[in-house]
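**Q** What follows is the file query.cif, containing mmCIF, C-alpha atoms and all ligand atoms:
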data_model
#
loop_
_atom_site.label_atom_id
_atom_site.label_comp_id
_atom_site.auth_asym_id
_atom_site.auth_seq_id
_atom_site.Cartn_x
_atom_site.Cartn_y
_atom_site.Cartn_z
CA MET A 1 24.67 15.48 14.13
CA SER A 2 25.57 12.77 11.64
CA TYR A 3 22.93 10.92 9.69
CA LYS A 4 25.22 8.48 7.98
CA GLY A 5 25.18 4.73 8.64
CA HIS A 6 22.36 2.57 9.90
CA SER A 7 23.29 0.05 12.53
CA GLN A 8 20.11 -1.95 13.20
CA LYS A 9 20.34 -5.62 12.30
CA PRO A 10 17.70 -6.68 9.79
CA PRO A 11 14.91 -8.57 11.58
CA GLN A 12 14.81 -12.29 10.90
CA LYS A 13 11.67 -14.16 9.96
CA ARG A 14 13.33 -17.40 11.18
CA LEU A 15 12.24 -16.78 14.76
CA PHE A 16 8.63 -16.34 13.68
CA VAL A 17 8.81 -19.46 11.51
CA ALA A 18 10.25 -21.47 14.45
CA LEU A 19 7.56 -20.21 16.81
CA MET A 20 4.95 -20.98 14.16
CA GLY A 21 6.20 -24.59 14.07
CA LEU A 22 6.05 -24.79 17.87
CA THR A 23 2.54 -23.30 17.88
CA CYS A 24 1.47 -25.84 15.27
CA ILE A 25 2.77 -28.74 17.41
CA LEU A 26 0.94 -27.34 20.46
CA VAL A 27 -2.29 -26.87 18.48
CA VAL A 28 -2.12 -30.44 17.15
CA GLY A 29 -1.42 -31.66 20.71
CA LEU A 30 -4.46 -29.78 21.99
CA ILE A 31 -6.59 -31.16 19.16
CA TYR A 32 -5.45 -34.66 20.10
CA LEU A 33 -6.30 -34.07 23.76
CA GLY A 34 -9.66 -32.63 22.69
CA TRP A 35 -10.31 -35.87 20.86
CA TRP A 36 -8.85 -38.29 23.39
CA ILE A 37 -10.51 -37.00 26.57
CA PRO A 38 -14.16 -36.99 25.41
CA THR A 39 -13.68 -40.19 23.37
CA MET A 40 -14.03 -42.28 26.51
CA GLY A 41 -17.56 -40.94 27.08
CA LEU A 42 -18.51 -40.85 23.37
CA ALA A 43 -18.37 -44.66 23.07
CA ASN A 44 -21.17 -44.89 25.61
CA ILE A 45 -23.42 -42.74 23.40
CA HIS A 46 -22.66 -44.58 20.14
CA PRO A 47 -19.84 -47.05 19.33
CA GLU A 48 -19.03 -45.21 16.03
CA LEU A 49 -18.72 -41.78 17.63
CA PRO A 50 -15.05 -42.04 18.78
CA SER A 51 -13.86 -42.93 15.26
CA LEU A 52 -15.98 -40.13 13.71
CA ALA A 53 -14.57 -37.63 16.22
CA GLY A 54 -11.11 -39.04 15.51
CA MET A 55 -11.58 -38.38 11.78
CA LEU A 56 -12.73 -34.82 12.43
CA PHE A 57 -9.77 -34.06 14.71
CA GLY A 58 -7.45 -35.78 12.22
CA VAL A 59 -8.68 -33.40 9.49
CA LEU A 60 -8.20 -30.37 11.80
CA SER A 61 -4.66 -31.49 12.67
CA GLY A 62 -3.93 -32.03 8.97
CA ILE A 63 -5.13 -28.50 8.17
CA ALA A 64 -2.89 -27.05 10.92
CA LEU A 65 0.14 -29.01 9.70
CA LEU A 66 -0.43 -28.32 6.01
CA GLY A 67 -1.08 -24.61 6.67
CA THR A 68 2.20 -24.30 8.58
CA LEU A 69 4.08 -26.20 5.88
CA LEU A 70 2.57 -23.97 3.19
CA LEU A 71 3.60 -20.82 5.05
CA VAL A 72 7.14 -22.08 5.55
CA LEU A 73 7.45 -23.06 1.87
CA THR A 74 5.98 -19.76 0.66
CA THR A 75 8.49 -17.71 2.64
CA ALA A 76 11.41 -20.03 1.91
CA LEU A 77 10.80 -20.08 -1.85
CA GLY A 78 9.47 -16.50 -2.08
CA LYS A 79 6.68 -17.77 -4.32
CA ASP A 80 2.92 -17.57 -4.07
CA ILE A 81 2.21 -21.31 -3.91
CA LEU A 82 -1.41 -21.33 -2.73
CA PHE A 83 -3.72 -18.93 -0.87
CA THR A 84 -0.89 -16.61 0.23
CA ARG A 85 -3.25 -13.68 0.80
CA PHE A 86 -5.54 -15.82 2.94
CA MET A 87 -2.59 -17.34 4.81
CA ARG A 88 -1.30 -13.85 5.60
CA GLY A 89 -4.69 -13.16 7.18
CA VAL A 90 -4.43 -16.33 9.28
CA VAL A 91 -0.96 -15.30 10.45
CA ILE A 92 -2.09 -11.76 11.31
CA LYS A 93 -5.39 -12.59 12.98
CA PHE A 94 -4.79 -15.96 14.67
CA LEU A 95 -1.14 -16.95 14.76
CA LEU A 96 0.40 -13.66 15.86
CA PRO A 97 -1.58 -13.38 19.15
CA LEU A 98 -0.86 -17.05 19.92
CA ILE A 99 2.81 -16.72 19.03
CA GLU A 100 3.15 -13.59 21.18
CA GLN A 101 1.86 -15.61 24.17
CA ILE A 102 4.10 -18.60 23.45
CA GLY A 103 7.07 -16.27 22.93
CA ARG A 104 6.32 -14.66 26.31
CA LEU A 105 6.39 -18.10 27.97
CA CYS A 106 9.76 -18.74 26.26
CA GLY A 107 11.08 -15.40 27.54
CA ILE A 108 11.15 -13.71 24.11
CA SER A 109 10.15 -10.05 24.14
CA LYS A 110 7.10 -8.83 22.29
CA ASP A 111 9.22 -6.43 20.25
CA THR A 112 11.54 -9.22 19.05
CA ILE A 113 8.52 -11.24 17.95
CA ARG A 114 6.96 -8.23 16.27
CA GLN A 115 10.18 -7.52 14.34
CA SER A 116 10.20 -11.09 13.15
CA PHE A 117 6.50 -10.90 12.32
CA VAL A 118 7.11 -7.83 10.15
CA ALA A 119 9.85 -9.71 8.29
CA MET A 120 7.52 -12.69 7.83
CA ASN A 121 4.71 -10.43 6.63
CA ASN A 122 7.04 -8.74 4.13
CA SER A 123 8.12 -12.11 2.87
CA LEU A 124 4.49 -13.15 2.30
CA VAL A 125 3.64 -9.86 0.56
CA THR A 126 6.66 -10.00 -1.74
CA SER A 127 6.01 -13.67 -2.52
CA GLN A 128 2.79 -12.50 -4.18
CA ARG A 129 5.05 -10.71 -6.72
CA LEU A 130 2.66 -7.77 -6.95
CA LYS A 131 3.30 -5.26 -9.69
CA ILE A 132 1.66 -1.93 -8.96
CA LYS A 133 1.56 1.41 -10.73
CA PRO A 134 3.39 4.21 -8.89
CA ASP A 135 0.22 6.23 -8.34
CA ARG A 136 -1.30 3.35 -6.33
CA ILE A 137 1.61 3.01 -3.93
CA LEU A 138 1.78 5.02 -0.73
CA ILE A 139 4.91 5.55 1.36
CA LEU A 140 3.81 6.25 4.91
CA LEU A 141 6.28 7.75 7.34
CA PRO A 142 6.20 8.45 11.07
CA HIS A 143 6.54 12.03 12.22
CA CYS A 144 9.59 11.15 14.37
CA LEU A 145 11.72 10.78 11.20
CA GLN A 146 11.66 14.55 10.88
CA LEU A 147 14.40 16.37 12.76
CA PHE A 148 12.91 17.42 16.09
CA ASP A 149 13.87 21.09 15.77
CA CYS A 150 12.93 21.52 12.12
CA GLU A 151 10.38 24.31 11.93
CA ILE A 152 8.79 23.20 8.68
CA LYS A 153 5.51 21.29 9.06
CA VAL A 154 5.83 18.34 6.71
CA THR A 155 2.81 16.47 8.10
CA GLY A 156 0.25 16.42 5.34
CA ASP A 157 2.62 17.84 2.73
CA ILE A 158 6.16 16.52 2.54
CA GLY A 159 6.69 18.85 -0.43
CA LYS A 160 7.30 21.65 2.07
CA CYS A 161 10.61 20.05 3.11
CA VAL A 162 13.44 22.19 1.73
CA ARG A 163 15.72 19.13 1.62
CA CYS A 164 18.41 20.53 3.85
CA GLY A 165 19.76 17.00 4.39
CA ARG A 166 19.66 17.12 8.20
CA CYS A 167 17.18 14.23 8.37
CA ASP A 168 16.08 11.32 6.17
CA ILE A 169 13.02 13.22 4.94
CA THR A 170 15.34 14.70 2.28
CA GLY A 171 16.21 11.31 0.74
CA LEU A 172 12.66 10.06 1.05
CA SER A 173 11.09 13.04 -0.66
CA VAL A 174 13.69 12.79 -3.46
CA LEU A 175 12.83 9.10 -3.79
CA ALA A 176 9.09 9.74 -3.94
CA GLN A 177 9.62 12.37 -6.63
CA LYS A 178 11.95 10.12 -8.62
CA TYR A 179 9.43 7.28 -8.73
CA GLN A 180 6.32 9.49 -8.73
CA VAL A 181 4.79 7.77 -5.71
CA ASP A 182 2.64 9.31 -2.99
CA ILE A 183 4.39 9.97 0.29
CA SER A 184 2.88 11.10 3.58
CA VAL A 185 4.04 11.79 7.09
CA ALA A 186 1.51 10.80 9.73
CA THR A 187 1.57 11.81 13.39
CA GLY A 188 -0.25 8.69 14.59
CA GLY A 189 -2.42 5.72 13.75
CA THR A 190 -5.60 7.77 13.30
CA LEU A 191 -4.01 10.10 10.76
CA ALA A 192 -2.33 7.16 9.03
CA ARG A 193 -5.73 5.46 8.62
CA LYS A 194 -7.21 8.69 7.23
CA VAL A 195 -4.38 9.04 4.69
CA ILE A 196 -4.95 5.45 3.55
CA ILE A 197 -8.72 5.99 3.21
CA ASP A 198 -8.17 9.22 1.24
CA LYS A 199 -5.46 7.93 -1.10
CA ARG A 200 -6.80 4.38 -1.55
CA PRO A 201 -3.43 2.79 -2.38
CA LYS A 202 -3.05 -0.81 -3.52
CA LEU A 203 0.09 -1.20 -1.44
CA VAL A 204 1.56 0.68 1.50
CA LEU A 205 5.25 0.92 2.17
CA ALA A 206 5.33 1.87 5.83
CA VAL A 207 8.18 3.01 8.04
CA ALA A 208 7.69 2.78 11.81
CA CYS A 209 8.74 0.96 14.96
CA GLU A 210 7.82 -2.73 15.34
CA ARG A 211 4.78 -1.92 17.51
CA ASP A 212 3.24 0.56 15.06
CA LEU A 213 4.11 -1.57 12.04
CA THR A 214 2.44 -4.60 13.61
CA SER A 215 -0.75 -2.71 14.45
CA GLY A 216 -0.70 -1.01 11.03
CA ILE A 217 -0.31 -4.33 9.19
CA LYS A 218 -3.21 -5.76 11.24
CA ASP A 219 -5.47 -2.73 10.67
CA CYS A 220 -4.78 -2.59 6.94
CA TYR A 221 -5.30 -6.28 6.14
CA PRO A 222 -6.17 -7.32 3.38
CA LEU A 223 -4.35 -4.27 1.97
CA PRO A 224 -0.72 -5.39 1.52
CA VAL A 225 1.78 -3.52 3.66
CA ILE A 226 5.55 -3.80 3.43
CA GLY A 227 7.04 -2.64 6.71
CA VAL A 228 10.48 -1.11 7.18
CA LEU A 229 11.73 -0.62 10.72
CA ASN A 230 13.12 2.74 11.67
CA ASP A 231 16.35 3.07 13.60
CA ARG A 232 16.18 4.80 16.96
CA PRO A 233 19.67 6.00 17.83
CA PHE A 234 18.27 8.57 20.28
CA GLY A 235 15.52 6.42 21.77
CA PRO A 236 11.92 5.95 20.64
CA CYS A 237 9.96 8.59 18.75
CA PHE A 238 12.82 11.09 18.55
CA ASN A 239 14.94 11.93 15.51
CA THR A 240 14.55 8.40 14.18
CA ARG A 241 16.15 7.31 10.94
CA VAL A 242 15.60 4.92 8.11
CA ASP A 243 17.75 3.40 5.42
CA VAL A 244 16.47 5.09 2.26
CA GLU A 245 18.12 2.42 0.13
CA LYS A 246 15.96 -0.21 1.81
CA ILE A 247 12.86 1.76 0.91
CA GLU A 248 14.04 2.13 -2.67
CA ALA A 249 14.72 -1.62 -2.95
CA ALA A 250 11.26 -2.46 -1.58
CA LEU A 251 9.67 0.08 -3.92
CA ARG A 252 11.44 -1.26 -7.00
CA SER A 253 10.32 -4.79 -6.13
CA VAL A 254 6.64 -3.84 -6.43
CA LEU A 255 6.66 -1.18 -9.15
CA VAL A 256 5.30 -2.10 -12.57
S1 LIG A 301 15.32 17.50 5.58
FE1 LIG A 301 13.35 18.59 5.49
S2 LIG A 301 12.23 17.87 7.27
FE2 LIG A 301 14.37 17.31 7.61
S3 LIG A 301 15.22 19.01 8.78
FE3 LIG A 301 15.58 19.46 6.62
S4 LIG A 301 13.84 20.69 5.98
FE4 LIG A 301 13.28 19.73 7.92
#
Please re-express this file's structure in structure tokens.
Ligand code: SF4
**A**
Amino acid sequence: MSYKGHSQKPPQKRLFVALMGLTCILVVGLIYLGWWIPTMGLANIHPELPSLAGMLFGVLSGIALLGTLLLVLTTALGKDILFTRFMRGVVIKFLLPLIEQIGRLCGISKDTIRQSFVAMNNSLVTSQRLKIKPDRILILLPHCLQLFDCEIKVTGDIGKCVRCGRCDITGLSVLAQKYQVDISVATGGTLARKVIIDKRPKLVLAVACERDLTSGIKDCYPLPVIGVLNDRPFGPCFNTRVDVEKIEAALRSVLV
């Protein structure tokens, strides 16, 4: 079985940015409707009320537009302009669920949106230009990266891998040793959370499918997570692979 070559196209944040723009337009439209419909009745209560409500809704629309613009500029320039950490929280907690629904209405699959979300999240994390010591970085891997019929139990201690080269655990354990960073293989979300609580990293470099990366990024917020998608040449959760060079590049971008 060959483990050379990784075919998956890198996920694009452009889709997420486009859907964010569409969501923003819809939100502003709803805000306008929310102002316009009750305005007719408000004038009967007090003649000044429609203009006061108009001002309030104008401010809310302005916040939605400026927030979207800020997010687009931050990812486009790769620079922490203003409140990037907070904006990442807004994207994770509010925009992602809305965008998933809008994407569904546009016929875009959840997985495609999640891939794009991971790319957008990575862009926001890297725009913060964090510089972290190796001992505060954790590389978190899914169990399915290990060759299915390998008899060594690397969960909990990747050091047991004898680096036979039959799966990407070899390259990843070499990488972790080279840069002196913590590396763990987790069998699921519960174990992954436990590893994070135990090791208390300042940044997690996680490998997983788009679904697990999305839920991991959400669960970990405000802890920054850079997500790298695994390749699944044999279907989900079985002998998956990852481009070790991508992990190394991400690692080097955040190391002190
Ligand atoms: S590289 Fe390590 S984990 Fe993978 S098959 Fe070989 S010994 Fe097992």
**Q** Do you know which residues are within 6 Å of ligand LIG 301 (chain A) using all atoms listed in the file? Can you write them as number ranges by chain?
**A** A: 146-147, 150, 152, 161-167, 169-170
**Q** Report as JSON lines: every residue of range 163-192 of chain A with an atom at most 12 Å from range 196-207 of chain A, its closest pair of atoms, and their distance in Å to one decimal, counting all atoms listed in the file, with rows sorted by chain and ascending residue number.
**A**
{"residue": "A:Asp168", "atom": "CA", "partner": "A:Val207", "partner_atom": "CA", "distance": 11.6}
{"residue": "A:Ile169", "atom": "CA", "partner": "A:Val207", "partner_atom": "CA", "distance": 11.7}
{"residue": "A:Leu172", "atom": "CA", "partner": "A:Val207", "partner_atom": "CA", "distance": 10.9}
{"residue": "A:Ala176", "atom": "CA", "partner": "A:Leu205", "partner_atom": "CA", "distance": 11.4}
{"residue": "A:Val181", "atom": "CA", "partner": "A:Pro201", "partner_atom": "CA", "distance": 10.2}
{"residue": "A:Asp182", "atom": "CA", "partner": "A:Lys199", "partner_atom": "CA", "distance": 8.4}
{"residue": "A:Ile183", "atom": "CA", "partner": "A:Leu205", "partner_atom": "CA", "distance": 9.3}
{"residue": "A:Ser184", "atom": "CA", "partner": "A:Ile196", "partner_atom": "CA", "distance": 9.7}
{"residue": "A:Val185", "atom": "CA", "partner": "A:Val207", "partner_atom": "CA", "distance": 9.8}
{"residue": "A:Ala186", "atom": "CA", "partner": "A:Val207", "partner_atom": "CA", "distance": 10.4}
{"residue": "A:Gly189", "atom": "CA", "partner": "A:Ile196", "partner_atom": "CA", "distance": 10.5}
{"residue": "A:Thr190", "atom": "CA", "partner": "A:Ile196", "partner_atom": "CA", "distance": 10.0}
{"residue": "A:Leu191", "atom": "CA", "partner": "A:Ile196", "partner_atom": "CA", "distance": 8.6}
{"residue": "A:Ala192", "atom": "CA", "partner": "A:Ile196", "partner_atom": "CA", "distance": 6.3}
**Q** Env of range 71-80 of chain A: 9 Å cut, atoms = only C-alpha atoms, seq-sep filter 4 positions within chain, self excluded. Answer as an MDAnalysis selection string.
**A** chainID A and resid 13 17 20:21 66:67 84:85 87:88 91 120 123:124 126:129
**Q** Could you please determine the separation between CA of Phe57 in chain A and CA of Ile45 in chain A in Å, to one decimal place?
**A**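 Answer for the CA of Phe57 in chain A to CA of Ile45 in chain A separation: 18.4 Å.
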**Q** For CA of Arg193 in chain A and CA of Leu140 in chain A, quote the distance in Å rounded to one decimal.
**A**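 Calculated distance between CA of Arg193 in chain A and CA of Leu140 in chain A is 10.3 Å.
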**Q** Just want the 8 Å neighbourhood of Val28 in chain A, counted on only C-alpha atoms, with same-chain residues fewer than 5 positions away dropped. Output as a list in words.
**A**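 Counting only C-alpha atoms, the residues come to Ser61, Ala64 and Leu65 of chain A.
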**Q** Which is closer to Gln12 in chain A than all the others in A:Phe238, A:Phe117, A:Trp36, A:Phe94, using all atoms listed in the file?
**A**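 Ranked by minimum distance to Gln12 in chain A, first place goes to A:Phe117.
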**Q** Please report the interatomic distance between CA of Thr240 in chain A and CA of Cys144 in chain A in Å with one decimal.
**A**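 That distance, rounded to one decimal, is 5.7 Å.
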**Q** Go through A:Val254, A:Ile31, A:Val228, A:Val242 one by one, measure the shortest atom-to-atom distance of each to Asn121 in chain A using all atoms listed in the file, and give the residue with the smallest value.
**A**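 The shortest atom-to-atom distance to Asn121 in chain A comes from A:Val228.
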**Q** So, counting only C-alpha atoms, which residue among A:Gly34, A:Pro50, A:Gly103, A:Pro134 is closest to Val256 in chain A?
**A**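 Of A:Gly34, A:Pro50, A:Gly103, A:Pro134, the one nearest Val256 in chain A, counting only C-alpha atoms, is A:Pro134.
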**Q** Please determine, counting only C-alpha atoms, which residue among A:Val59, A:Ala119, A:Ser173, A:Arg252 has the shortest atom-to-atom distance to Lys160 in chain A.
**A**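 Nearest candidate to Lys160 in chain A out of A:Val59, A:Ala119, A:Ser173, A:Arg252: A:Ser173.
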**Q** Could you pull out every residue with an atom within 7 Å of (-2.5, -9.6, 1.6), file coordinates, counting only C-alpha atoms, and send them as a ChimeraX atom specification?
**A** /A:85,88-89,125,221-224
**Q** Keeping only C-alpha atoms, take the residues you just selected and write them out as a PDB file, keeping the file's coordinate frame.
**A**
ATOM      1  CA  ARG A  85      -3.250 -13.680   0.800  1.00  0.00           C
ATOM      2  CA  ARG A  88      -1.300 -13.850   5.600  1.00  0.00           C
ATOM      3  CA  GLY A  89      -4.690 -13.160   7.180  1.00  0.00           C
ATOM      4  CA  VAL A 125       3.640  -9.860   0.560  1.00  0.00           C
ATOM      5  CA  TYR A 221      -5.300  -6.280   6.140  1.00  0.00           C
ATOM      6  CA  PRO A 222      -6.170  -7.320   3.380  1.00  0.00           C
ATOM      7  CA  LEU A 223      -4.350  -4.270   1.970  1.00  0.00           C
ATOM      8  CA  PRO A 224      -0.720  -5.390   1.520  1.00  0.00           C
TER       9      PRO A 224
END
**Q** Which is closer to Leu96 in chain A than all the others in A:Ile25, A:Leu229, A:Leu19, A:Val154, using all atoms listed in the file?
**A**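 Once distances to Leu96 in chain A are computed over all atoms listed in the file, the minimum belongs to A:Leu19.
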**Q** What box, with edges along x, y and z, holds each listed atom of range 212-216 of chain A when 8 Å is added on every side, and can you state its centre and edge lengths in Å to one decimal, as lines of an AutoDock Vina configuration file?
**A**
center_x = 1.7
center_y = -2.0
center_z = 13.0
size_x = 20.9
size_y = 21.2
size_z = 20.0
**Q** Kindly provide, as a PyMOL selection string, the polymer residues lying within 8 Å of (15.1, 5.7, 0.6), counting all atoms listed in the file and using the coordinates exactly as they appear in the file.
**A** chain A and resi 168+171-172+175+242-248
**Q** For each of A:Tyr179, A:Ile132, A:Gln115, A:Arg232, take the minimum atom-to-atom distance to Asp212 in chain A, counting all atoms listed in the file, then give the residue where this is smallest.
**A**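 Among the listed residues, A:Gln115 lies closest to Asp212 in chain A.
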**Q** Output as a PDB file, in the coordinates of the input: range 129-164 of chain A, completed with N, CA and C atoms.
**A**
ATOM      1  N   ARG A 129       4.459 -11.346  -5.513  1.00  0.00           N
ATOM      2  CA  ARG A 129       5.050 -10.710  -6.720  1.00  0.00           C
ATOM      3  C   ARG A 129       4.090  -9.690  -7.337  1.00  0.00           C
ATOM      4  N   LEU A 130       3.595  -8.802  -6.490  1.00  0.00           N
ATOM      5  CA  LEU A 130       2.660  -7.770  -6.950  1.00  0.00           C
ATOM      6  C   LEU A 130       3.410  -6.783  -7.831  1.00  0.00           C
ATOM      7  N   LYS A 131       2.726  -6.311  -8.854  1.00  0.00           N
ATOM      8  CA  LYS A 131       3.300  -5.260  -9.690  1.00  0.00           C
ATOM      9  C   LYS A 131       2.266  -4.131  -9.746  1.00  0.00           C
ATOM     10  N   ILE A 132       2.629  -3.011  -9.169  1.00  0.00           N
ATOM     11  CA  ILE A 132       1.660  -1.930  -8.960  1.00  0.00           C
ATOM     12  C   ILE A 132       2.157  -0.634  -9.575  1.00  0.00           C
ATOM     13  N   LYS A 133       1.185   0.117 -10.127  1.00  0.00           N
ATOM     14  CA  LYS A 133       1.560   1.410 -10.730  1.00  0.00           C
ATOM     15  C   LYS A 133       1.974   2.380  -9.628  1.00  0.00           C
ATOM     16  N   PRO A 134       2.893   3.303  -9.946  1.00  0.00           N
ATOM     17  CA  PRO A 134       3.390   4.210  -8.890  1.00  0.00           C
ATOM     18  C   PRO A 134       2.282   5.003  -8.201  1.00  0.00           C
ATOM     19  N   ASP A 135       1.258   5.395  -8.965  1.00  0.00           N
ATOM     20  CA  ASP A 135       0.220   6.230  -8.340  1.00  0.00           C
ATOM     21  C   ASP A 135      -0.693   5.453  -7.392  1.00  0.00           C
ATOM     22  N   ARG A 136      -0.499   4.129  -7.280  1.00  0.00           N
ATOM     23  CA  ARG A 136      -1.300   3.350  -6.330  1.00  0.00           C
ATOM     24  C   ARG A 136      -0.456   2.825  -5.162  1.00  0.00           C
ATOM     25  N   ILE A 137       0.751   3.383  -5.053  1.00  0.00           N
ATOM     26  CA  ILE A 137       1.610   3.010  -3.930  1.00  0.00           C
ATOM     27  C   ILE A 137       1.728   4.211  -2.998  1.00  0.00           C
ATOM     28  N   LEU A 138       1.647   3.941  -1.703  1.00  0.00           N
ATOM     29  CA  LEU A 138       1.780   5.020  -0.730  1.00  0.00           C
ATOM     30  C   LEU A 138       2.945   4.713   0.220  1.00  0.00           C
ATOM     31  N   ILE A 139       3.859   5.673   0.336  1.00  0.00           N
ATOM     32  CA  ILE A 139       4.910   5.550   1.360  1.00  0.00           C
ATOM     33  C   ILE A 139       4.425   6.326   2.577  1.00  0.00           C
ATOM     34  N   LEU A 140       4.337   5.628   3.698  1.00  0.00           N
ATOM     35  CA  LEU A 140       3.810   6.250   4.910  1.00  0.00           C
ATOM     36  C   LEU A 140       4.916   6.328   5.963  1.00  0.00           C
ATOM     37  N   LEU A 141       5.156   7.540   6.424  1.00  0.00           N
ATOM     38  CA  LEU A 141       6.280   7.750   7.340  1.00  0.00           C
ATOM     39  C   LEU A 141       5.808   8.232   8.707  1.00  0.00           C
ATOM     40  N   PRO A 142       6.559   7.902   9.756  1.00  0.00           N
ATOM     41  CA  PRO A 142       6.200   8.450  11.070  1.00  0.00           C
ATOM     42  C   PRO A 142       6.789   9.848  11.229  1.00  0.00           C
ATOM     43  N   HIS A 143       6.124  10.646  12.025  1.00  0.00           N
ATOM     44  CA  HIS A 143       6.540  12.030  12.220  1.00  0.00           C
ATOM     45  C   HIS A 143       7.933  12.133  12.841  1.00  0.00           C
ATOM     46  N   CYS A 144       8.303  11.078  13.639  1.00  0.00           N
ATOM     47  CA  CYS A 144       9.590  11.150  14.370  1.00  0.00           C
ATOM     48  C   CYS A 144      10.802  11.048  13.446  1.00  0.00           C
ATOM     49  N   LEU A 145      10.581  10.782  12.139  1.00  0.00           N
ATOM     50  CA  LEU A 145      11.720  10.780  11.200  1.00  0.00           C
ATOM     51  C   LEU A 145      12.197  12.205  10.944  1.00  0.00           C
ATOM     52  N   GLN A 146      11.283  13.151  11.129  1.00  0.00           N
ATOM     53  CA  GLN A 146      11.660  14.550  10.880  1.00  0.00           C
ATOM     54  C   GLN A 146      12.521  15.042  12.044  1.00  0.00           C
ATOM     55  N   LEU A 147      13.550  15.814  11.707  1.00  0.00           N
ATOM     56  CA  LEU A 147      14.400  16.370  12.760  1.00  0.00           C
ATOM     57  C   LEU A 147      13.537  17.159  13.736  1.00  0.00           C
ATOM     58  N   PHE A 148      13.756  16.863  15.039  1.00  0.00           N
ATOM     59  CA  PHE A 148      12.910  17.420  16.090  1.00  0.00           C
ATOM     60  C   PHE A 148      12.800  18.943  16.003  1.00  0.00           C
ATOM     61  N   ASP A 149      13.936  19.630  15.741  1.00  0.00           N
ATOM     62  CA  ASP A 149      13.870  21.090  15.770  1.00  0.00           C
ATOM     63  C   ASP A 149      13.681  21.726  14.384  1.00  0.00           C
ATOM     64  N   CYS A 150      13.258  20.930  13.427  1.00  0.00           N
ATOM     65  CA  CYS A 150      12.930  21.520  12.120  1.00  0.00           C
ATOM     66  C   CYS A 150      11.610  22.273  12.252  1.00  0.00           C
ATOM     67  N   GLU A 151      11.579  23.497  11.738  1.00  0.00           N
ATOM     68  CA  GLU A 151      10.380  24.310  11.930  1.00  0.00           C
ATOM     69  C   GLU A 151       9.345  24.129  10.829  1.00  0.00           C
ATOM     70  N   ILE A 152       9.725  23.388   9.803  1.00  0.00           N
ATOM     71  CA  ILE A 152       8.790  23.200   8.680  1.00  0.00           C
ATOM     72  C   ILE A 152       7.799  22.090   9.030  1.00  0.00           C
ATOM     73  N   LYS A 153       6.518  22.311   8.732  1.00  0.00           N
ATOM     74  CA  LYS A 153       5.510  21.290   9.060  1.00  0.00           C
ATOM     75  C   LYS A 153       5.310  20.396   7.834  1.00  0.00           C
ATOM     76  N   VAL A 154       5.925  19.235   7.886  1.00  0.00           N
ATOM     77  CA  VAL A 154       5.830  18.340   6.710  1.00  0.00           C
ATOM     78  C   VAL A 154       4.631  17.390   6.802  1.00  0.00           C
ATOM     79  N   THR A 155       3.972  17.346   7.970  1.00  0.00           N
ATOM     80  CA  THR A 155       2.810  16.470   8.100  1.00  0.00           C
ATOM     81  C   THR A 155       1.745  16.950   7.112  1.00  0.00           C
ATOM     82  N   GLY A 156       1.278  16.048   6.322  1.00  0.00           N
ATOM     83  CA  GLY A 156       0.250  16.420   5.340  1.00  0.00           C
ATOM     84  C   GLY A 156       0.840  16.832   4.008  1.00  0.00           C
ATOM     85  N   ASP A 157       2.014  17.455   4.005  1.00  0.00           N
ATOM     86  CA  ASP A 157       2.620  17.840   2.730  1.00  0.00           C
ATOM     87  C   ASP A 157       4.147  17.814   2.851  1.00  0.00           C
ATOM     88  N   ILE A 158       4.704  16.690   2.440  1.00  0.00           N
ATOM     89  CA  ILE A 158       6.160  16.520   2.540  1.00  0.00           C
ATOM     90  C   ILE A 158       6.896  17.436   1.548  1.00  0.00           C
ATOM     91  N   GLY A 159       6.133  17.945   0.577  1.00  0.00           N
ATOM     92  CA  GLY A 159       6.690  18.850  -0.430  1.00  0.00           C
ATOM     93  C   GLY A 159       7.232  20.133   0.188  1.00  0.00           C
ATOM     94  N   LYS A 160       6.812  20.425   1.420  1.00  0.00           N
ATOM     95  CA  LYS A 160       7.300  21.650   2.070  1.00  0.00           C
ATOM     96  C   LYS A 160       8.740  21.512   2.560  1.00  0.00           C
ATOM     97  N   CYS A 161       9.219  20.280   2.671  1.00  0.00           N
ATOM     98  CA  CYS A 161      10.610  20.050   3.110  1.00  0.00           C
ATOM     99  C   CYS A 161      11.548  20.724   2.111  1.00  0.00           C
ATOM    100  N   VAL A 162      12.513  21.485   2.632  1.00  0.00           N
ATOM    101  CA  VAL A 162      13.440  22.190   1.730  1.00  0.00           C
ATOM    102  C   VAL A 162      14.689  21.350   1.442  1.00  0.00           C
ATOM    103  N   ARG A 163      14.658  20.107   1.897  1.00  0.00           N
ATOM    104  CA  ARG A 163      15.720  19.130   1.620  1.00  0.00           C
ATOM    105  C   ARG A 163      17.095  19.632   2.065  1.00  0.00           C
ATOM    106  N   CYS A 164      17.129  20.016   3.323  1.00  0.00           N
ATOM    107  CA  CYS A 164      18.410  20.530   3.850  1.00  0.00           C
ATOM    108  C   CYS A 164      19.379  19.389   4.151  1.00  0.00           C
TER     109      CYS A 164
END
